[in-house]
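A.B. asks: Sharing target.cif, mmCIF, C-alpha atoms (C1' of nucleotides):
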```cif
data_my_file
loop_
_atom_site.label_atom_id
_atom_site.label_comp_id
_atom_site.auth_asym_id
_atom_site.auth_seq_id
_atom_site.Cartn_x
_atom_site.Cartn_y
_atom_site.Cartn_z
CA MET A 30 36.06 5.05 9.32
CA ALA A 31 36.32 6.43 5.85
CA LYS A 32 34.96 9.90 5.54
CA ILE A 33 33.67 9.55 2.02
CA ARG A 34 33.86 12.93 0.35
CA GLN A 35 30.42 13.91 -0.86
CA ARG A 36 30.03 13.31 -4.58
CA LYS A 37 29.81 16.29 -6.89
CA ASN A 38 28.05 19.29 -5.41
CA SER A 39 25.68 17.38 -3.17
CA THR A 40 26.25 16.96 0.54
CA ARG A 41 25.77 13.67 2.31
CA LYS A 42 22.46 14.87 3.70
CA GLU A 43 21.20 15.65 0.23
CA THR A 44 22.22 12.21 -0.96
CA ILE A 45 20.24 10.65 1.87
CA ILE A 46 17.17 12.72 1.09
CA GLU A 47 17.36 11.95 -2.62
CA THR A 48 17.68 8.26 -1.93
CA ALA A 49 14.82 8.45 0.53
CA ALA A 50 12.67 10.16 -2.09
CA ARG A 51 13.23 7.24 -4.43
CA LEU A 52 12.37 4.67 -1.79
CA PHE A 53 9.36 6.61 -0.51
CA ARG A 54 8.05 6.73 -4.05
CA GLU A 55 8.62 3.04 -4.71
CA ARG A 56 7.37 1.67 -1.38
CA GLY A 57 5.68 4.55 0.41
CA PHE A 58 6.88 6.38 3.51
CA SER A 59 5.56 3.91 6.08
CA ALA A 60 6.81 0.86 4.23
CA THR A 61 10.34 2.24 3.99
CA SER A 62 12.50 1.52 7.02
CA MET A 63 15.57 3.40 8.05
CA ARG A 64 17.51 0.18 7.48
CA ASP A 65 16.22 -0.01 3.91
CA LEU A 66 17.32 3.56 3.39
CA ALA A 67 20.70 2.98 5.02
CA GLU A 68 21.34 -0.01 2.79
CA GLN A 69 20.66 2.02 -0.34
CA VAL A 70 22.93 4.80 0.89
CA GLY A 71 25.59 2.20 1.71
CA VAL A 72 25.81 2.78 5.41
CA GLU A 73 24.44 1.46 8.71
CA ALA A 74 21.05 2.74 9.83
CA ALA A 75 22.44 4.47 12.90
CA SER A 76 24.93 6.41 10.80
CA LEU A 77 22.12 8.21 9.03
CA TYR A 78 21.51 10.10 12.24
CA ASN A 79 24.79 11.92 11.83
CA HIS A 80 23.12 13.78 9.00
CA ILE A 81 19.42 13.86 9.70
CA SER A 82 17.58 14.03 12.99
CA SER A 83 14.69 11.69 12.25
CA LYS A 84 12.80 9.83 9.57
CA ALA A 85 10.06 12.44 9.87
CA GLU A 86 12.51 15.21 9.06
CA ILE A 87 13.28 13.66 5.68
CA LEU A 88 9.63 13.78 4.70
CA GLN A 89 9.33 17.33 6.00
CA GLU A 90 12.26 18.54 3.94
CA LEU A 91 10.86 16.90 0.81
CA CYS A 92 7.37 18.29 1.28
CA PHE A 93 8.36 21.84 2.09
CA LYS A 94 10.95 22.04 -0.65
CA VAL A 95 8.31 21.11 -3.21
CA ALA A 96 5.62 23.27 -1.67
CA ASN A 97 7.90 26.31 -1.75
CA LYS A 98 8.78 25.69 -5.36
CA PHE A 99 5.15 25.61 -6.47
CA MET A 100 4.20 28.53 -4.28
CA SER A 101 6.87 30.82 -5.64
CA HIS A 102 6.03 29.83 -9.19
CA ILE A 103 2.38 30.71 -8.83
CA ASP A 104 3.45 34.02 -7.32
CA LYS A 105 5.25 34.85 -10.55
CA VAL A 106 2.36 33.69 -12.72
CA ASP A 107 -0.12 35.70 -10.72
CA ALA A 108 1.96 38.83 -11.12
CA ALA A 109 2.44 38.35 -14.85
CA ASP A 110 0.43 40.18 -17.45
CA MET A 111 -1.35 37.35 -19.25
CA SER A 112 -4.84 36.16 -19.99
CA ALA A 113 -6.38 33.81 -17.43
CA ILE A 114 -6.19 30.84 -19.74
CA LYS A 115 -2.51 31.54 -20.40
CA LYS A 116 -1.91 31.69 -16.68
CA ILE A 117 -3.55 28.32 -16.22
CA GLU A 118 -1.47 26.95 -19.05
CA ALA A 119 1.68 28.29 -17.42
CA VAL A 120 0.82 26.67 -14.09
CA LEU A 121 -0.01 23.40 -15.81
CA ARG A 122 3.20 23.38 -17.81
CA PHE A 123 5.19 24.00 -14.67
CA HIS A 124 3.50 21.06 -12.95
CA ILE A 125 4.17 18.81 -15.90
CA GLN A 126 7.81 19.82 -16.14
CA GLN A 127 8.35 19.34 -12.43
CA MET A 128 6.78 15.90 -12.58
CA VAL A 129 8.94 15.00 -15.56
CA HIS A 130 12.24 16.30 -14.22
CA HIS A 131 11.88 16.07 -10.47
CA TYR A 132 9.64 13.07 -10.40
CA GLU A 133 10.62 11.50 -7.10
CA GLU A 134 10.37 14.47 -4.80
CA VAL A 135 7.25 15.92 -6.40
CA TYR A 136 5.46 12.60 -6.43
CA VAL A 137 6.42 11.78 -2.85
CA SER A 138 5.42 15.14 -1.45
CA ASP A 139 2.08 14.83 -3.22
CA ARG A 140 1.32 11.31 -2.04
CA GLU A 141 2.94 11.05 1.37
CA TRP A 142 2.31 14.42 3.02
CA LYS A 143 -0.41 12.79 5.10
CA HIS A 144 2.30 11.12 7.15
CA LEU A 145 3.65 14.43 8.39
CA THR A 146 3.04 15.15 12.05
CA ASP A 147 1.35 18.06 13.44
CA PRO A 148 2.93 21.43 13.19
CA TYR A 149 4.05 20.45 9.68
CA LEU A 150 0.90 18.59 8.76
CA SER A 151 -1.37 21.57 9.37
CA ASN A 152 1.07 23.84 7.60
CA ILE A 153 1.13 21.73 4.45
CA GLN A 154 -2.63 21.25 4.50
CA THR A 155 -3.10 24.99 4.60
CA GLN A 156 -0.58 25.58 1.84
CA ARG A 157 -2.27 23.01 -0.38
CA ARG A 158 -5.68 24.55 0.23
CA VAL A 159 -4.43 28.04 -0.51
CA TYR A 160 -2.63 26.88 -3.62
CA ARG A 161 -5.71 25.19 -5.06
CA GLN A 162 -7.76 28.24 -4.18
CA ARG A 163 -5.41 30.51 -6.09
CA ILE A 164 -5.70 28.37 -9.21
CA ALA A 165 -9.48 28.30 -8.80
CA SER A 166 -9.50 32.10 -8.66
CA ILE A 167 -7.62 32.35 -11.94
CA ILE A 168 -10.10 29.95 -13.52
CA GLU A 169 -13.04 31.96 -12.22
CA GLU A 170 -11.50 35.09 -13.68
CA GLY A 171 -11.20 33.27 -17.00
CA ILE A 172 -14.85 32.26 -16.84
CA ARG A 173 -15.92 35.85 -16.23
CA LYS A 174 -13.86 36.99 -19.21
CA ASN A 175 -15.37 34.21 -21.36
CA GLU A 176 -11.95 32.67 -21.97
CA ILE A 177 -12.94 29.52 -20.09
CA LYS A 178 -16.16 27.55 -20.34
CA LYS A 179 -18.66 27.76 -17.48
CA ILE A 180 -17.55 24.97 -15.18
CA ASP A 181 -17.07 24.51 -11.45
CA ALA A 182 -13.62 25.95 -10.79
CA PRO A 183 -12.64 23.66 -7.88
CA THR A 184 -13.51 20.65 -10.03
CA ALA A 185 -11.33 21.96 -12.83
CA VAL A 186 -8.45 22.39 -10.39
CA LEU A 187 -8.92 18.87 -9.08
CA ILE A 188 -8.80 17.45 -12.60
CA MET A 189 -5.71 19.44 -13.58
CA LEU A 190 -3.65 18.61 -10.55
CA HIS A 191 -4.52 14.95 -10.41
CA ALA A 192 -4.08 14.44 -14.13
CA VAL A 193 -0.53 15.65 -13.73
CA SER A 194 0.22 13.08 -11.05
CA GLY A 195 -0.56 10.49 -13.71
CA ILE A 196 2.85 11.24 -15.14
CA GLU A 197 3.92 8.53 -12.73
CA SER A 198 2.56 5.98 -15.23
CA TRP A 199 4.54 7.63 -17.99
CA HIS A 200 7.74 7.27 -15.97
CA ARG A 201 7.10 3.59 -15.44
CA SER A 202 6.07 2.84 -19.01
CA LYS A 203 8.40 1.05 -21.41
CA GLU A 204 8.11 2.95 -24.65
CA LYS A 205 8.05 6.53 -23.53
CA ILE A 206 7.16 9.43 -25.74
CA THR A 207 9.47 12.35 -24.96
CA GLY A 208 8.73 14.74 -22.12
CA GLU A 209 8.02 17.52 -24.60
CA VAL A 210 5.47 15.49 -26.53
CA LEU A 211 3.87 14.39 -23.29
CA GLU A 212 3.57 18.02 -22.24
CA GLU A 213 1.97 19.10 -25.50
CA ASN A 214 -0.51 16.24 -25.38
CA MET A 215 -1.53 17.01 -21.85
CA ILE A 216 -1.91 20.69 -22.64
CA ALA A 217 -4.00 19.87 -25.72
CA ILE A 218 -6.44 17.78 -23.73
CA LEU A 219 -6.64 19.79 -20.55
CA ILE A 220 -6.48 23.33 -21.89
CA GLY A 221 -8.67 22.20 -24.78
CA GLY A 222 -11.16 20.96 -22.22
CA LEU A 223 -11.26 24.24 -20.37
CA GLN A 224 -11.29 26.65 -23.27
CA ASN A 225 -14.45 28.25 -24.53
CA LYS A 226 -14.64 27.45 -28.20
CA MET B 3 -17.81 -13.60 24.92
CA ALA B 4 -20.55 -11.72 23.12
CA LYS B 5 -21.17 -13.04 19.68
CA ILE B 6 -22.21 -9.80 18.10
CA ARG B 7 -24.75 -10.62 15.44
CA GLN B 8 -23.66 -9.23 12.09
CA ARG B 9 -25.55 -6.08 11.27
CA LYS B 10 -28.05 -6.10 8.41
CA ASN B 11 -27.03 -8.22 5.45
CA SER B 12 -23.30 -7.94 5.89
CA THR B 13 -21.21 -10.66 7.47
CA ARG B 14 -18.57 -10.03 10.06
CA LYS B 15 -15.85 -10.50 7.48
CA GLU B 16 -17.42 -7.88 5.24
CA THR B 17 -17.59 -5.48 8.17
CA ILE B 18 -13.91 -5.99 8.81
CA ILE B 19 -13.01 -5.41 5.18
CA GLU B 20 -15.16 -2.28 4.94
CA THR B 21 -13.60 -0.87 8.08
CA ALA B 22 -10.16 -1.75 6.77
CA ALA B 23 -10.93 0.05 3.51
CA ARG B 24 -11.69 3.21 5.47
CA LEU B 25 -8.50 2.98 7.51
CA PHE B 26 -6.33 2.07 4.53
CA ARG B 27 -7.67 5.14 2.76
CA GLU B 28 -7.10 7.44 5.71
CA ARG B 29 -3.68 6.18 6.77
CA GLY B 30 -2.47 3.87 4.02
CA PHE B 31 -2.05 0.11 4.16
CA SER B 32 1.36 0.05 5.83
CA ALA B 33 0.47 2.65 8.41
CA THR B 34 -2.63 0.78 9.52
CA SER B 35 -1.96 -1.87 12.14
CA MET B 36 -4.16 -4.86 12.87
CA ARG B 37 -4.66 -3.37 16.33
CA ASP B 38 -5.92 -0.12 14.80
CA LEU B 39 -8.30 -2.11 12.68
CA ALA B 40 -9.45 -4.26 15.60
CA GLU B 41 -10.17 -1.18 17.68
CA GLN B 42 -12.39 0.28 14.97
CA VAL B 43 -14.22 -3.00 14.61
CA GLY B 44 -14.60 -3.16 18.39
CA VAL B 45 -12.63 -6.32 19.02
CA GLU B 46 -9.16 -7.52 19.98
CA ALA B 47 -6.58 -7.85 17.22
CA ALA B 48 -6.33 -11.62 17.55
CA SER B 49 -10.07 -11.99 17.10
CA LEU B 50 -9.85 -10.65 13.56
CA TYR B 51 -8.15 -13.89 12.59
CA ASN B 52 -11.37 -15.80 13.15
CA HIS B 53 -12.64 -14.08 10.02
CA ILE B 54 -9.65 -13.28 7.84
CA SER B 55 -6.41 -15.15 7.39
CA SER B 56 -4.02 -12.24 7.17
CA LYS B 57 -3.68 -8.50 6.71
CA ALA B 58 -2.57 -9.16 3.16
CA GLU B 59 -5.78 -11.01 2.40
CA ILE B 60 -7.82 -7.92 3.19
CA LEU B 61 -5.96 -5.89 0.62
CA GLN B 62 -6.25 -8.71 -1.91
CA GLU B 63 -10.00 -8.92 -1.51
CA LEU B 64 -10.36 -5.18 -1.93
CA CYS B 65 -8.15 -4.98 -4.98
CA PHE B 66 -9.65 -7.91 -6.85
CA LYS B 67 -13.21 -6.93 -6.08
CA VAL B 68 -12.62 -3.53 -7.64
CA ALA B 69 -10.59 -4.86 -10.53
CA ASN B 70 -13.35 -7.32 -11.43
CA LYS B 71 -15.95 -4.60 -11.31
CA PHE B 72 -14.09 -2.38 -13.76
CA MET B 73 -13.15 -5.27 -16.01
CA SER B 74 -16.69 -6.51 -16.41
CA HIS B 75 -17.91 -2.98 -17.04
CA ILE B 76 -15.49 -2.39 -19.86
CA ASP B 77 -16.52 -5.74 -21.32
CA LYS B 78 -20.06 -4.44 -21.62
CA VAL B 79 -18.96 -1.10 -23.06
CA ASP B 80 -16.75 -2.78 -25.62
CA ALA B 81 -19.60 -4.98 -26.76
CA ALA B 82 -22.05 -2.08 -27.03
CA ASP B 83 -22.91 -0.38 -30.28
CA MET B 84 -21.75 3.17 -29.70
CA SER B 85 -19.31 5.67 -31.15
CA ALA B 86 -15.81 5.59 -29.70
CA ILE B 87 -16.26 8.90 -27.94
CA LYS B 88 -19.49 7.65 -26.35
CA LYS B 89 -17.68 4.55 -25.16
CA ILE B 90 -15.01 6.67 -23.55
CA GLU B 91 -17.69 8.77 -21.96
CA ALA B 92 -19.39 5.64 -20.60
CA VAL B 93 -16.13 4.36 -19.10
CA LEU B 94 -15.41 7.75 -17.61
CA ARG B 95 -18.88 8.09 -16.09
CA PHE B 96 -18.56 4.64 -14.55
CA HIS B 97 -15.24 5.59 -12.97
CA ILE B 98 -16.70 8.79 -11.60
CA GLN B 99 -19.75 7.06 -10.17
CA GLN B 100 -17.67 4.35 -8.57
CA MET B 101 -15.40 6.95 -6.99
CA VAL B 102 -18.41 8.87 -5.73
CA HIS B 103 -20.37 5.93 -4.33
CA HIS B 104 -17.71 3.37 -3.46
CA TYR B 105 -15.00 5.79 -2.59
CA GLU B 106 -13.07 3.83 0.01
CA GLU B 107 -12.58 0.55 -1.81
CA VAL B 108 -11.93 2.12 -5.21
CA TYR B 109 -9.48 4.62 -3.81
CA VAL B 110 -7.64 2.04 -1.74
CA SER B 111 -7.32 -0.47 -4.53
CA ASP B 112 -5.98 2.27 -6.78
CA ARG B 113 -3.42 3.59 -4.31
CA GLU B 114 -2.34 0.60 -2.28
CA TRP B 115 -2.13 -2.26 -4.77
CA LYS B 116 1.65 -1.90 -4.73
CA HIS B 117 1.64 -3.51 -1.29
CA LEU B 118 0.25 -6.76 -2.63
CA THR B 119 2.66 -9.67 -2.64
CA ASP B 120 3.63 -11.70 -5.52
CA PRO B 121 1.13 -13.96 -7.13
CA TYR B 122 -1.44 -11.22 -6.55
CA LEU B 123 0.86 -8.32 -7.35
CA SER B 124 1.71 -9.58 -10.82
CA ASN B 125 -1.90 -10.42 -11.46
CA ILE B 126 -3.11 -6.93 -10.62
CA GLN B 127 -0.29 -5.29 -12.55
CA THR B 128 -1.28 -7.25 -15.63
CA GLN B 129 -4.95 -6.45 -15.20
CA ARG B 130 -4.19 -2.76 -14.87
CA ARG B 131 -2.02 -2.79 -17.95
CA VAL B 132 -4.63 -4.63 -20.00
CA TYR B 133 -7.37 -2.32 -18.78
CA ARG B 134 -5.50 0.81 -19.78
CA GLN B 135 -4.64 -0.76 -23.10
CA ARG B 136 -8.29 -1.44 -23.82
CA ILE B 137 -9.22 2.17 -23.18
CA ALA B 138 -6.31 3.32 -25.32
CA SER B 139 -7.61 1.12 -28.17
CA ILE B 140 -11.02 2.75 -28.01
CA ILE B 141 -9.38 6.16 -28.13
CA GLU B 142 -7.29 5.18 -31.11
CA GLU B 143 -10.41 3.98 -32.87
CA GLY B 144 -11.98 7.36 -32.13
CA ILE B 145 -8.97 9.13 -33.60
CA ARG B 146 -9.17 7.09 -36.79
CA LYS B 147 -12.85 7.95 -37.11
CA ASN B 148 -12.12 11.64 -36.50
CA GLU B 149 -14.29 11.69 -33.39
CA ILE B 150 -11.31 12.36 -31.19
CA LYS B 151 -8.49 14.82 -31.75
CA LYS B 152 -5.06 13.52 -32.72
CA ILE B 153 -3.39 12.90 -29.39
CA ASP B 154 -1.26 10.20 -27.84
CA ALA B 155 -3.78 7.63 -26.62
CA PRO B 156 -1.84 6.35 -23.58
CA THR B 157 -1.44 9.93 -22.42
CA ALA B 158 -5.16 10.50 -22.73
CA VAL B 159 -5.83 7.36 -20.67
CA LEU B 160 -3.40 8.51 -18.03
CA ILE B 161 -5.13 11.88 -17.75
CA MET B 162 -8.61 10.38 -17.60
CA LEU B 163 -7.89 7.80 -14.94
CA HIS B 164 -5.84 10.04 -12.71
CA ALA B 165 -8.24 12.93 -12.99
CA VAL B 166 -10.92 10.65 -11.60
CA SER B 167 -8.85 9.80 -8.57
CA GLY B 168 -8.99 13.50 -7.75
CA ILE B 169 -12.52 12.91 -6.57
CA GLU B 170 -10.77 12.20 -3.30
CA SER B 171 -10.44 15.97 -2.84
CA TRP B 172 -14.12 16.39 -3.54
CA HIS B 173 -14.98 13.89 -0.79
CA ARG B 174 -12.84 15.78 1.68
CA SER B 175 -14.06 19.24 0.74
CA LYS B 176 -16.48 21.17 2.91
CA GLU B 177 -18.99 22.65 0.52
CA LYS B 178 -19.55 19.86 -1.93
CA ILE B 179 -21.38 20.25 -5.18
CA THR B 180 -23.57 17.19 -5.76
CA GLY B 181 -22.21 14.02 -7.30
CA GLU B 182 -24.23 14.61 -10.44
CA VAL B 183 -22.91 18.13 -10.95
CA LEU B 184 -19.40 16.87 -10.31
CA GLU B 185 -19.88 14.21 -12.96
CA GLU B 186 -21.18 16.67 -15.56
CA ASN B 187 -18.31 19.06 -14.91
CA MET B 188 -15.71 16.36 -15.24
CA ILE B 189 -17.31 15.08 -18.43
CA ALA B 190 -17.45 18.60 -19.85
CA ILE B 191 -13.75 19.16 -19.28
CA LEU B 192 -12.37 15.74 -20.14
CA ILE B 193 -14.62 14.74 -23.02
CA GLY B 194 -14.47 18.33 -24.24
CA GLY B 195 -10.69 18.02 -24.18
CA LEU B 196 -10.70 14.86 -26.27
CA GLN B 197 -13.34 15.72 -28.80
CA ASN B 198 -12.51 16.93 -32.25
CA LYS B 199 -14.35 20.21 -32.65
"C1'" DT C 7 -30.52 -30.11 28.00
"C1'" DA C 8 -26.37 -31.52 25.82
"C1'" DT C 9 -23.63 -30.66 21.81
"C1'" DC C 10 -20.90 -28.16 18.73
"C1'" DA C 11 -19.33 -24.70 15.64
"C1'" DT C 12 -18.44 -19.83 16.05
"C1'" DA C 13 -16.19 -15.99 17.67
"C1'" DA C 14 -14.51 -13.60 21.38
"C1'" DC C 15 -10.75 -13.20 24.92
"C1'" DT C 16 -5.72 -13.22 27.12
"C1'" DA C 17 -0.85 -14.19 26.61
"C1'" DA C 18 2.70 -14.61 24.18
"C1'" DC C 19 5.91 -15.16 20.14
"C1'" DA C 20 9.52 -13.60 17.02
"C1'" DT C 21 10.59 -9.70 14.11
"C1'" DT C 22 10.95 -5.26 12.81
"C1'" DT C 23 10.78 -0.56 13.92
"C1'" DG C 24 13.00 4.22 14.94
"C1'" DT C 25 16.35 5.75 17.69
"C1'" DT C 26 20.26 6.38 21.16
"C1'" DA C 27 24.79 5.70 23.45
"C1'" DC C 28 29.25 5.04 22.82
"C1'" DC C 29 33.47 4.42 20.42
"C1'" DA C 30 36.97 4.79 16.50
"C1'" DG C 31 38.99 6.48 12.51
"C1'" DT C 32 39.57 10.60 9.18
"C1'" DT C 33 40.10 15.29 7.89
"C1'" DA C 34 40.86 20.28 8.39
"C1'" DG C 35 42.60 24.17 10.76
"C1'" DT C 36 45.76 25.93 14.11
"C1'" DA D 6 51.54 17.72 15.97
"C1'" DC D 7 47.18 18.69 18.51
"C1'" DT D 8 42.66 19.37 18.57
"C1'" DA D 9 37.99 19.54 17.21
"C1'" DA D 10 34.50 18.53 14.12
"C1'" DC D 11 32.75 14.85 11.29
"C1'" DT D 12 31.23 10.60 10.01
"C1'" DG D 13 31.40 5.96 10.29
"C1'" DG D 14 30.65 1.47 13.04
"C1'" DT D 15 28.57 -1.84 16.93
"C1'" DA D 16 25.27 -2.88 20.38
"C1'" DA D 17 21.32 -2.17 22.29
"C1'" DC D 18 16.76 -0.14 23.58
"C1'" DA D 19 11.78 0.05 24.06
"C1'" DA D 20 7.84 0.01 21.38
"C1'" DA D 21 5.09 -1.75 17.81
"C1'" DT D 22 4.22 -5.24 14.41
"C1'" DG D 23 1.60 -9.51 12.40
"C1'" DT D 24 0.36 -13.65 13.99
"C1'" DT D 25 -0.40 -18.09 16.83
"C1'" DA D 26 -1.86 -20.93 20.84
"C1'" DG D 27 -4.92 -21.96 24.03
"C1'" DT D 28 -9.14 -20.95 26.40
"C1'" DT D 29 -13.83 -19.50 27.23
"C1'" DA D 30 -18.34 -17.90 26.26
"C1'" DT D 31 -22.24 -17.61 23.07
"C1'" DG D 32 -26.13 -19.21 20.43
"C1'" DA D 33 -28.27 -22.41 17.30
"C1'" DT D 34 -29.54 -27.13 16.75
"C1'" DA D 35 -30.51 -31.94 17.98
#
```
Take the structure in the file and give it back as structure tokens.
C.D. replies:
Amino acid sequence: MAKIRQRKNSTRKETIIETAARLFRERGFSATSMRDLAEQVGVEAASLYNHISSKAEILQELCFKVANKFMSHIDKVDAADMSAIKKIEAVLRFHIQQMVHHYEEVYVSDREWKHLTDPYLSNIQTQRRVYRQRIASIIEEGIRKNEIKKIDAPTAVLIMLHAVSGIESWHRSKEKITGEVLEENMIAILIGGLQNK
Amino acid sequence: MAKIRQRKNSTRKETIIETAARLFRERGFSATSMRDLAEQVGVEAASLYNHISSKAEILQELCFKVANKFMSHIDKVDAADMSAIKKIEAVLRFHIQQMVHHYEEVYVSDREWKHLTDPYLSNIQTQRRVYRQRIASIIEEGIRKNEIKKIDAPTAVLIMLHAVSGIESWHRSKEKITGEVLEENMIAILIGGLQNK
DNA sequence: TATCATAACTAACATTTGTTACCAGTTAGT
DNA sequence: ACTAACTGGTAACAAATGTTAGTTATGATA
């Protein structure tokens, strides 16, 4: 039938994955059927398979795209010449900005990665572990240099990363403060909580 | 067949709901089938219906049990004669302790309530909104009294509550610090981040 | 011992699920 | 104009889903 030209600079596959990200966020991966997705894309379920090879592949693409983004950012931060606390702040700001501006994909990859299957599941698990470990190392460096109060570094990481995922509530709230104000508030509380005064 | 006598002081229904809580946490509500659940309970899927009326009912029981627990706790805190920051600390400690000691049900009710259906869904949504609003009010009181730094109260609530759900990572980690140390660390960071210095 | 509620089983149901096979129209390059 | 690559549709699949019906065995009580 009609070969609908892909809108703007996004291919049909990208449209499908973006739509899937929205549905996976709203309903969860398992509770989203390929027919649900097809309906939102405006196509029959079977037609999706002209662009993607499986439902699992959609989740894989989402998860690895996000994982790569965070990994390459922390590479840059690690290489930069900053104090430990500034590095933590930079990582935190990046997380906040990603959650504000790329809500769907970041949120989904954080909440639904457990539904990946095995070569990909182990891969993501490892990446997540390594990522948290790298942040913990920066925090421990900050503790040694007396920039950061003496706390358990893994616990600090856990608080930081999960606090950020709370931006979901902000997205759903009626009267939103702006993204910038949100960021400054989060930084004030979290960096304020880490800093040695 | 065998009428397996309920173990200890828990009825068969409670056993089913506890097992369901574990599976819902591990795999999510939608990805857990009644046959999965039955297998873990050691029974055929159809037999579950002698004790519960539907899969949905299990989730309802979990969600409302937890919601009631947190609601009645904040009632007590609100009525107590404490500074605002101490009230926030009390709420936070309760959340942490619940996540440490009643992990499965608290985690599930926090993550899977979206899969409730409508009379129950609206009810829980309202309860959650009211609960967050009550915490925000305490924070605003603390700001007025200069106990708490000038931040956006809803943002502070969002950080607090989501940070706590990060205790999931602690449960899954290999070398755990104790629950008490975890609690003190979280309090140090989060209350430290709120306090006016 | 006979009775009866409880709780287990087997079989089956109607849907929904992800996915495939096959076909038809459109578009781009030769 | 011819062909090949795309991208859409229809029909169907086997498996899995939540749940019901009907039956049987257990254990407490009378």
A.B. asks: Select, from A:Arg41, A:His130, A:Arg122, A:Lys174, the residue with the minimum atom-to-atom distance to DC11 in chain D, counting only C-alpha atoms (C1' of nucleotides).
C.D. replies: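 Among the listed residues, A:Arg41 lies closest to DC11 in chain D.
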A.B. asks: Can you tell me, as an MDAnalysis selection string, what residues are no more than 12 Å from range 136-139 of chain A when counting only C-alpha atoms (C1' of nucleotides), ignoring any on the same chain fewer than 6 positions away?
C.D. replies: chainID A and resid 46:59 87:99 124:125 127:130 145 150 153:154 157 190:191 193:198 200
A.B. asks: Using all atoms listed in the file, find each residue in chain A having at least one atom no more than 8 Å away from chain B; report its shortest atom-to-atom pair and that distance in Å (one decimal), rows by chain then rising number, as a tab-separated table.
C.D. replies:
```
residue	atom	partner	partner_atom	distance
A:Arg56	CA	B:Lys116	CA	7.5
A:Ser59	CA	B:Ser32	CA	5.7
A:Ala60	CA	B:Ser32	CA	5.7
A:Lys143	CA	B:Arg29	CA	7.6
A:His144	CA	B:Arg29	CA	7.8
A:Ile180	CA	B:Asn187	CA	6.0
A:Asp181	CA	B:Asn187	CA	6.6
A:Thr184	CA	B:Leu184	CA	7.0
A:Ala185	CA	B:Ile191	CA	7.4
A:Leu187	CA	B:Gly168	CA	5.5
A:Ile188	CA	B:Ala165	CA	4.6
A:Met189	CA	B:Ala165	CA	7.0
A:Leu190	CA	B:Ala165	CA	7.7
A:His191	CA	B:Ala165	CA	5.0
A:Ala192	CA	B:Ile161	CA	4.6
A:Val193	CA	B:Ile161	CA	7.2
A:Ser194	CA	B:His164	CA	7.0
A:Gly195	CA	B:His164	CA	5.4
A:Ile196	CA	B:Leu160	CA	7.4
A:Ser198	CA	B:Leu160	CA	7.1
A:Trp199	CA	B:Thr157	CA	7.8
A:Leu211	CA	B:Thr157	CA	7.0
A:Asn214	CA	B:Ile153	CA	6.0
A:Met215	CA	B:Thr157	CA	7.1
A:Ala217	CA	B:Gly195	CA	7.1
A:Ile218	CA	B:Gly195	CA	4.3
A:Leu219	CA	B:Gly195	CA	5.7
A:Ile220	CA	B:Gly195	CA	7.2
A:Gly221	CA	B:Gly195	CA	4.7
A:Gly222	CA	B:Gly195	CA	3.6
A:Leu223	CA	B:Ile191	CA	5.8
```
A.B. asks: Give me, as a list in words, the residues of chain D touching chain B, with the criterion being at most 10 Å (counting all atoms listed in the file).
C.D. replies: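 Here they are: DA21, DT22, DG23, DT24, DT25, DT29, DA30, DT31 and DG32 of chain D.
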A.B. asks: Here's the selection I'm unsure about, the PyMOL selection byres ((chain C) within 9 of (chain B)); applied to the file above, which residues does it give, as a list in words?
C.D. replies: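 Expected selection for the PyMOL selection byres ((chain C) within 9 of (chain B)) here is DT12, DA13, DA14 and DC15 of chain C.
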A.B. asks: Give me the residues near DT9 in chain C as a list in words, where near means some atom within 12 Å (using only C-alpha atoms (C1' of nucleotides)) and where sequence neighbours in that chain fewer than 6 positions away do not count.
C.D. replies: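 Result of the neighbour search: DG32, DA33, DT34 and DA35 of chain D.
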A.B. asks: Between C1' of DT33 in chain C and C1' of DA10 in chain D, what is the distance in Å, rounded to a tenth?
C.D. replies: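 Result for C1' of DT33 in chain C versus C1' of DA10 in chain D: 9.0 Å, one decimal.
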A.B. asks: Separation of CA of Val132 in chain B and CA of Glu204 in chain A, in Å?
C.D. replies: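 Between CA of Val132 in chain B and CA of Glu204 in chain A the gap works out to 15.5 Å.
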A.B. asks: Give me, please, the distance in Å between C1' of DA27 in chain C and CA of Ile81 in chain A, quoted to one decimal.
C.D. replies: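 Answer for the C1' of DA27 in chain C to CA of Ile81 in chain A separation: 16.9 Å.
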A.B. asks: Run the PyMOL selection byres ((chain C and resi 29) around 10) mentally over the shown coordinates, then write out the matched residues as a VMD selection string, using the chain letters and numbers from the document.
C.D. replies: (chain C and resid 27 to 28 30 to 31) or (chain D and resid 14 to 15)
A.B. asks: Counting only C-alpha atoms (C1' of nucleotides), which residues sit no farther than 12 Å from the position (8.2, -1.1, 20.3) in the file's frame? I'd like them as a list in words.
C.D. replies: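 Those residues, ordered by chain and then number, are DT21, DT22, DT23, DG24 and DT25 of chain C; DC18, DA19, DA20, DA21 and DT22 of chain D.
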